[in-house]
Amino acid sequence: MCNSDECAEKIKDYAKTKGVAVGKLLADCGLNRDALSLMGRRGSWLLSNNLGKVAEYLDCSVDYLLGRTENPQSHKSQSLTTGDIKDNYNNVIGNVNSDIKITVSAGGQAAALLEAFEKLDPFKQAKVLVYVEELEKSI
């Protein structure tokens with residue numbers, strides 16, 4: 001379950017990392033200057049549309065602010081190809097003949113799959129991509 005105090009702290013911390021003053025953030029989003037302190041002290045919540053404004057302003061996902069993901073960019077589509085892996089990990093894939101492109105839109109099982117994939121070391125990522133290529137050939 002999400003905690004309003006933790007959410008308020010997450011907003012403050014992320015604003016700080018983005019170099020945004022909390023007062024400016026709240027003013028630009030049309031929110032009361034005490035909105036975050038009320039979340040912390042009284043357990044109040046921002047309305048969903050206001051939380052969305054804050055997330056959009058900070059260019060992060062609402063899920064990140066709520067603590068449901070550690071990836072602030074989970075709301076954005078991401079693409080990854082075997083070429084990316086080759087470039088980044090010194091041709092660890094080796095003999096993959098074609099470029100496999102994985103495009104993931106925000107949310108759902110695909111995003112969870114990409115998040116798990118990104119946690120793998122380069123060698124295991126390469127093995128997964130080779131396996132996907134073999135599956136594509138068999139279809």
# chains A, B, ... in the order shown; residues from 1 in each chain; ligands from 1
>>> residues_around(residues="segment 51-67 of chain A", least_positions_apart="3", cutoff="8 Å", atoms="only C-alpha atoms", output="PyMOL selection string")
chain A and resi 2-3+6-7+10-11+14-15+18+25-26+29+46-48+70-75
>>> write_last_selection(atoms="N, CA and C atoms", output="PDB file, in the first residue's frame")
ATOM      1  N   CYS A   2       0.477   2.234  -0.729  1.00  0.00           N
ATOM      2  CA  CYS A   2       1.232   3.483  -0.827  1.00  0.00           C
ATOM      3  C   CYS A   2       1.021   4.324   0.421  1.00  0.00           C
ATOM      4  N   ASN A   3       2.052   5.016   0.812  1.00  0.00           N
ATOM      5  CA  ASN A   3       2.033   5.851   1.996  1.00  0.00           C
ATOM      6  C   ASN A   3       2.186   7.306   1.551  1.00  0.00           C
ATOM      7  N   GLU A   6       5.586   8.945   2.409  1.00  0.00           N
ATOM      8  CA  GLU A   6       6.670   8.474   1.544  1.00  0.00           C
ATOM      9  C   GLU A   6       6.554   9.081   0.150  1.00  0.00           C
ATOM     10  N   CYS A   7       5.331   9.225  -0.330  1.00  0.00           N
ATOM     11  CA  CYS A   7       5.109   9.836  -1.640  1.00  0.00           C
ATOM     12  C   CYS A   7       5.568  11.296  -1.626  1.00  0.00           C
ATOM     13  N   LYS A  10       9.271  11.361  -1.710  1.00  0.00           N
ATOM     14  CA  LYS A  10       9.756  10.980  -3.029  1.00  0.00           C
ATOM     15  C   LYS A  10       9.679  12.173  -3.982  1.00  0.00           C
ATOM     16  N   ILE A  11       8.573  12.913  -3.915  1.00  0.00           N
ATOM     17  CA  ILE A  11       8.412  14.094  -4.764  1.00  0.00           C
ATOM     18  C   ILE A  11       9.496  15.122  -4.432  1.00  0.00           C
ATOM     19  N   TYR A  14      12.979  13.799  -5.556  1.00  0.00           N
ATOM     20  CA  TYR A  14      13.167  13.762  -7.016  1.00  0.00           C
ATOM     21  C   TYR A  14      13.243  15.176  -7.579  1.00  0.00           C
ATOM     22  N   ALA A  15      12.466  16.078  -7.031  1.00  0.00           N
ATOM     23  CA  ALA A  15      12.548  17.478  -7.456  1.00  0.00           C
ATOM     24  C   ALA A  15      13.958  18.001  -7.213  1.00  0.00           C
ATOM     25  N   LYS A  18      16.382  16.846  -9.748  1.00  0.00           N
ATOM     26  CA  LYS A  18      16.148  17.517 -11.026  1.00  0.00           C
ATOM     27  C   LYS A  18      16.499  19.003 -10.959  1.00  0.00           C
ATOM     28  N   LEU A  25       7.792  24.051  -8.117  1.00  0.00           N
ATOM     29  CA  LEU A  25       7.055  22.888  -8.618  1.00  0.00           C
ATOM     30  C   LEU A  25       5.574  23.012  -8.265  1.00  0.00           C
ATOM     31  N   LEU A  26       5.295  23.258  -6.998  1.00  0.00           N
ATOM     32  CA  LEU A  26       3.900  23.347  -6.549  1.00  0.00           C
ATOM     33  C   LEU A  26       3.176  24.514  -7.218  1.00  0.00           C
ATOM     34  N   CYS A  29       2.454  23.842 -10.860  1.00  0.00           N
ATOM     35  CA  CYS A  29       1.406  22.820 -11.023  1.00  0.00           C
ATOM     36  C   CYS A  29       0.056  23.305 -10.482  1.00  0.00           C
ATOM     37  N   LEU A  46      -2.724  14.024  -2.799  1.00  0.00           N
ATOM     38  CA  LEU A  46      -3.037  14.879  -3.932  1.00  0.00           C
ATOM     39  C   LEU A  46      -4.109  14.177  -4.763  1.00  0.00           C
ATOM     40  N   LEU A  47      -4.977  14.950  -5.392  1.00  0.00           N
ATOM     41  CA  LEU A  47      -5.914  14.356  -6.335  1.00  0.00           C
ATOM     42  C   LEU A  47      -5.107  13.717  -7.463  1.00  0.00           C
ATOM     43  N   SER A  48      -5.662  12.693  -8.072  1.00  0.00           N
ATOM     44  CA  SER A  48      -4.914  11.967  -9.096  1.00  0.00           C
ATOM     45  C   SER A  48      -4.464  12.887 -10.229  1.00  0.00           C
ATOM     46  N   GLU A  70      11.085   1.527  -9.155  1.00  0.00           N
ATOM     47  CA  GLU A  70      12.308   2.280  -8.889  1.00  0.00           C
ATOM     48  C   GLU A  70      12.781   3.028 -10.135  1.00  0.00           C
ATOM     49  N   ASN A  71      12.085   2.819 -11.250  1.00  0.00           N
ATOM     50  CA  ASN A  71      12.465   3.443 -12.510  1.00  0.00           C
ATOM     51  C   ASN A  71      11.614   4.679 -12.751  1.00  0.00           C
ATOM     52  N   PRO A  72      12.177   5.880 -12.609  1.00  0.00           N
ATOM     53  CA  PRO A  72      11.368   7.085 -12.812  1.00  0.00           C
ATOM     54  C   PRO A  72      10.880   7.239 -14.245  1.00  0.00           C
ATOM     55  N   GLN A  73      11.511   6.552 -15.177  1.00  0.00           N
ATOM     56  CA  GLN A  73      11.134   6.667 -16.584  1.00  0.00           C
ATOM     57  C   GLN A  73      10.257   5.511 -17.056  1.00  0.00           C
ATOM     58  N   SER A  74       9.640   4.800 -16.136  1.00  0.00           N
ATOM     59  CA  SER A  74       8.831   3.632 -16.511  1.00  0.00           C
ATOM     60  C   SER A  74       7.603   3.997 -17.339  1.00  0.00           C
ATOM     61  N   HIS A  75       7.280   5.269 -17.412  1.00  0.00           N
ATOM     62  CA  HIS A  75       6.132   5.715 -18.186  1.00  0.00           C
ATOM     63  C   HIS A  75       6.458   5.901 -19.667  1.00  0.00           C
TER      64      HIS A  75
END
>>> closest_residue(among="A:Ser4, A:Ser138, A:Thr69, A:Gln125", to="Gly40 of chain A", atoms="only C-alpha atoms")
A:Ser4
>>> atom_distance(atom1="atom CA of Asn49 of chain A", atom2="atom CA of Arg33 of chain A")
16.8 Å
